[in-house]
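Listing of my_file-v9.cif, mmCIF, C-alpha atoms
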```cif
data_work
loop_
_atom_site.label_atom_id
_atom_site.label_comp_id
_atom_site.auth_asym_id
_atom_site.auth_seq_id
_atom_site.Cartn_x
_atom_site.Cartn_y
_atom_site.Cartn_z
CA MET D 1 -6.13 3.11 19.48
CA THR D 2 -5.73 6.80 20.12
CA PRO D 3 -2.95 8.43 18.12
CA MET D 4 0.15 8.82 20.28
CA PRO D 5 1.06 12.33 21.27
CA ARG D 6 4.40 13.46 19.90
CA SER D 7 5.99 16.79 19.44
CA PRO D 8 4.89 18.30 16.12
CA GLY D 9 6.86 17.06 13.15
CA SER D 10 9.38 15.09 15.16
CA LEU D 11 8.85 11.75 13.52
CA SER D 12 8.30 12.84 9.92
CA ALA D 13 11.36 15.10 10.15
CA ALA D 14 13.47 12.22 11.45
CA LEU D 15 12.28 9.86 8.73
CA ALA D 16 12.36 12.36 5.86
CA PRO D 17 16.09 12.11 4.96
CA LEU D 18 16.14 8.29 4.87
CA VAL D 19 16.42 6.75 1.40
CA LEU D 20 15.04 3.26 0.80
CA PRO D 21 14.75 1.30 -2.45
CA ASP D 22 11.35 0.44 -3.81
CA ALA D 23 10.49 -3.04 -5.07
CA GLY D 24 12.08 -2.17 -8.42
CA GLY D 25 15.31 -0.98 -6.82
CA GLU D 26 14.71 2.73 -7.36
CA PRO D 27 15.83 4.84 -4.38
CA VAL D 28 13.06 6.82 -2.70
CA ARG D 29 13.70 9.56 -0.14
CA LEU D 30 10.96 9.11 2.42
CA GLY D 31 10.33 12.84 2.75
CA SER D 32 9.50 13.03 -0.95
CA LEU D 33 6.36 11.00 -0.22
CA TRP D 34 4.76 13.83 1.77
CA GLU D 35 6.53 16.81 0.25
CA GLU D 36 3.54 18.09 -1.74
CA ARG D 37 0.54 16.38 -0.18
CA PRO D 38 -0.19 14.21 2.84
CA ALA D 39 0.92 10.62 2.70
CA VAL D 40 -0.30 7.58 4.57
CA VAL D 41 2.81 5.54 5.34
CA VAL D 42 2.21 2.02 6.60
CA PHE D 43 5.02 0.03 8.16
CA LEU D 44 4.15 -3.60 7.55
CA ARG D 45 4.57 -6.22 10.21
CA HIS D 46 5.78 -8.51 7.46
CA TYR D 47 5.02 -9.00 3.81
CA GLY D 48 1.92 -11.09 4.13
CA MET P 49 -4.70 -1.04 3.22
CA ARG P 50 -5.01 -2.04 -0.42
CA ALA P 51 -8.77 -2.49 0.12
CA HIS P 52 -9.04 1.12 1.26
CA GLU P 53 -6.63 2.68 -1.20
CA GLN P 54 -9.35 4.63 -3.00
CA GLU P 55 -10.70 6.10 0.24
CA VAL P 56 -7.26 7.41 1.13
CA THR P 57 -6.30 8.68 -2.30
CA GLY P 58 -9.78 10.14 -2.73
CA ALA P 59 -9.16 12.20 0.41
CA GLY P 60 -6.07 13.62 -1.27
CA ALA P 61 -3.22 11.56 0.16
CA ALA P 62 -0.52 9.37 -1.31
CA ILE P 63 0.05 5.88 0.08
CA ALA P 64 3.28 4.01 0.61
CA ALA P 65 4.23 0.90 2.53
CA VAL P 66 7.54 -0.07 4.11
CA GLY P 67 8.56 -3.67 4.76
CA LEU P 68 11.52 -5.58 6.13
CA GLY P 69 12.02 -8.14 3.38
CA ASP P 70 14.41 -7.93 0.47
CA ARG P 71 13.55 -6.69 -3.03
CA ALA P 72 12.65 -10.13 -4.37
CA TYR P 73 10.29 -10.60 -1.47
CA ALA P 74 8.76 -7.17 -2.08
CA SER P 75 8.27 -7.89 -5.78
CA ARG P 76 6.52 -11.17 -5.05
CA PHE P 77 4.33 -9.45 -2.48
CA ARG P 78 3.33 -6.79 -4.97
CA GLU P 79 2.45 -9.40 -7.57
CA GLU P 80 0.48 -11.54 -5.14
CA THR P 81 -1.50 -8.69 -3.63
CA GLY P 82 -1.88 -6.49 -6.69
CA ILE P 83 -0.95 -3.31 -4.83
CA ASP P 84 0.25 -0.50 -7.04
CA PHE P 85 1.38 2.04 -4.45
CA PRO P 86 5.10 2.21 -3.61
CA LEU P 87 6.44 -0.62 -1.48
CA LEU P 88 9.77 0.30 0.06
CA VAL P 89 12.35 -2.16 1.30
CA ASP P 90 13.99 -1.58 4.67
CA GLU P 91 16.27 -4.60 4.93
CA GLU P 92 18.49 -2.96 7.52
CA ARG P 93 15.53 -1.82 9.61
CA ARG P 94 16.73 1.78 9.52
CA ALA P 95 13.31 3.38 9.19
CA TYR P 96 11.77 0.95 11.68
CA ARG P 97 14.39 1.97 14.24
CA VAL P 98 13.94 5.69 13.62
CA ALA P 99 10.16 5.31 13.91
CA GLY P 100 10.59 3.45 17.20
CA LEU P 101 8.43 0.51 16.22
CA LYS P 102 7.84 -2.17 18.82
CA SER P 103 8.21 -5.94 18.85
CA GLY P 104 5.67 -8.48 20.01
CA SER P 105 6.30 -11.81 21.70
CA LEU P 106 4.85 -15.30 21.83
CA LEU P 107 2.67 -14.13 24.72
CA HIS P 108 0.95 -11.69 22.37
CA LEU P 109 -0.38 -14.67 20.39
CA LEU P 110 -2.45 -15.64 23.40
CA ARG P 111 -4.14 -12.27 23.76
CA ARG P 112 -7.88 -12.14 23.13
CA ASP P 113 -7.54 -9.09 20.91
CA ASN P 114 -5.22 -11.09 18.66
CA ALA P 115 -7.71 -13.92 18.35
CA ARG P 116 -10.38 -11.39 17.40
CA ALA P 117 -8.07 -9.75 14.87
CA ARG P 118 -7.23 -13.10 13.28
CA LYS P 119 -10.95 -13.88 12.98
CA ARG P 120 -11.63 -10.50 11.39
CA ALA P 121 -8.78 -10.94 8.92
CA SER P 122 -9.85 -14.43 8.00
CA ALA P 123 -13.48 -13.35 7.51
CA ALA P 124 -12.28 -10.55 5.24
CA GLY P 125 -10.46 -13.06 3.08
CA HIS P 126 -6.93 -12.18 4.15
CA ARG P 127 -4.46 -14.94 4.55
CA GLN P 128 -1.02 -15.07 6.04
CA ARG P 129 1.58 -15.54 3.33
CA ARG P 130 5.02 -15.65 4.84
CA LEU P 131 6.32 -14.84 8.27
CA GLY P 132 9.05 -12.67 6.89
CA ARG P 133 12.31 -11.62 8.39
CA ASP P 134 11.07 -10.97 11.91
CA PRO P 135 7.72 -12.52 12.84
CA PHE P 136 7.62 -10.49 16.05
CA GLN P 137 8.04 -7.11 14.40
CA LEU P 138 5.03 -4.88 14.96
CA GLY P 139 3.80 -2.38 12.42
CA ALA P 140 2.61 1.20 12.44
CA SER P 141 0.59 3.66 10.40
CA PHE P 142 1.36 7.32 9.96
CA VAL P 143 -0.03 10.30 8.14
CA PHE P 144 2.65 12.88 7.40
CA GLY P 145 2.10 16.22 5.72
CA PRO P 146 4.10 18.78 3.77
CA GLY P 147 6.59 20.66 5.92
CA ASP P 148 7.27 17.43 7.86
CA ARG P 149 4.10 17.56 9.90
CA ASP P 150 3.05 14.50 11.91
CA LEU P 151 -0.68 14.39 11.28
CA TYR P 152 -1.35 10.95 12.73
CA VAL P 153 0.70 8.32 14.54
CA HIS P 154 -0.37 4.79 15.38
CA LEU P 155 2.23 2.34 16.69
CA SER P 156 0.85 -1.19 16.92
CA GLU P 157 0.79 -2.55 20.45
CA THR P 158 0.22 -6.13 19.34
CA PHE P 159 -0.09 -8.15 16.12
CA GLY P 160 -3.67 -7.32 15.19
CA ASP P 161 -3.58 -3.71 16.32
CA ASN P 162 -3.96 -1.77 13.09
CA ALA P 163 -4.95 1.86 12.64
CA PRO P 164 -8.65 2.23 11.78
CA VAL P 165 -8.88 3.41 8.18
CA GLY P 166 -11.46 6.00 9.22
CA GLU P 167 -8.86 7.65 11.46
CA LEU P 168 -6.32 7.76 8.64
CA VAL P 169 -8.84 9.32 6.26
CA ALA P 170 -9.92 11.80 8.95
CA ALA P 171 -6.30 12.85 9.48
CA VAL P 172 -5.89 13.46 5.74
CA ALA P 173 -9.18 15.38 5.59
CA GLY P 174 -8.16 17.39 8.66
CA TYR P 175 -5.02 18.51 6.88
CA GLY P 176 -7.07 19.74 3.94
CA ASP P 177 -9.46 21.61 6.23
CA GLY P 178 -6.72 23.26 8.26
CA ARG P 179 -4.46 24.41 5.45
#
```
Let me see the file written as structure tokens.
Amino acid sequence: MTPMPRSPGSLSAALAPLVLPDAGGEPVRLGSLWEERPAVVVFLRHYG
Amino acid sequence: MRAHEQEVTGAGAAIAAVGLGDRAYASRFREETGIDFPLLVDEERRAYRVAGLKSGSLLHLLRRDNARARKRASAAGHRQRRLGRDPFQLGASFVFGPGDRDLYVHLSETFGDNAPVGELVAAVAGYGDGR
């Protein structure tokens, strides 16, 4: 599938402030994942 | 993704996954799959909503591309573990860069529609080339 066109930065900027816990319960601000280098972020359909 | 982790990290990117289950579910998943990249828990579907991810339907199960995807997954040794909180939730893959740059966006159109790993790696490499 061809990557969907979006305005530059719109999605990462919207997701960046969200804070989610990791599997150990530690809070992670999504934007911290790509703050210093690119990050591949995969949204799973389900755990399996 | 876990099978291609080295390709992605070798290109200079971090990897993280987001799922809808609870923490116990996420812990079990990590143990069963052996992944060691961060697995984030989005029980309230906040990130899924912000990202605008789609939902499938029973009709999607009948699509030929789904049958092909199931065959590919089975041949590669993957097996379905649990249906999870919402079996119709579709996934997505993104590459984001410093300064909140959207380097790559792939929203799944149906259950077996996953981003080709080569495209993810190319997006990471493209960031390094264009810096």
**Study point:** Spatial neighbours of Val19 in chain D, 10 Å, all atoms listed in the file, chain gap at least 6 places, as a PyMOL selection string
**Key:** (chain D and resi 26-32) or (chain P and resi 88-90+94-95)
Check your understanding: P:Ala171, P:Lys102, P:Arg71, P:Asp84: which is nearest Asp134 in chain P, counting only C-alpha atoms?
Key -> P:Lys102
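Checking P:Val98, P:Val56, P:Ala72, P:Ile63 one by one against Ala13 in chain D, counting all atoms listed in the file, you find the shortest gap at P:Val98.
Of note, CA of Phe77 in chain P and CA of Ala23 in chain D are spaced 9.3 Å apart.
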Exercise for review: For chain D, work out the contacting residues on chain P at 6 Å, counting only C-alpha atoms, and write them as a count of residues only.
Suggested key: 32
Study note, to complete from the structure: Here CA of Ala59 in chain P and CA of Ala173 in chain P stand apart by 6.1 Å
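Atom pair CA of Pro164 in chain P / CA of Arg78 in chain P: separated by 22.5 Å.
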Check your understanding: Using only C-alpha atoms, which of P:Asp70, P:Tyr152, P:Asp113, P:Glu55 sits nearest Glu167 in chain P?
Key -> P:Tyr152
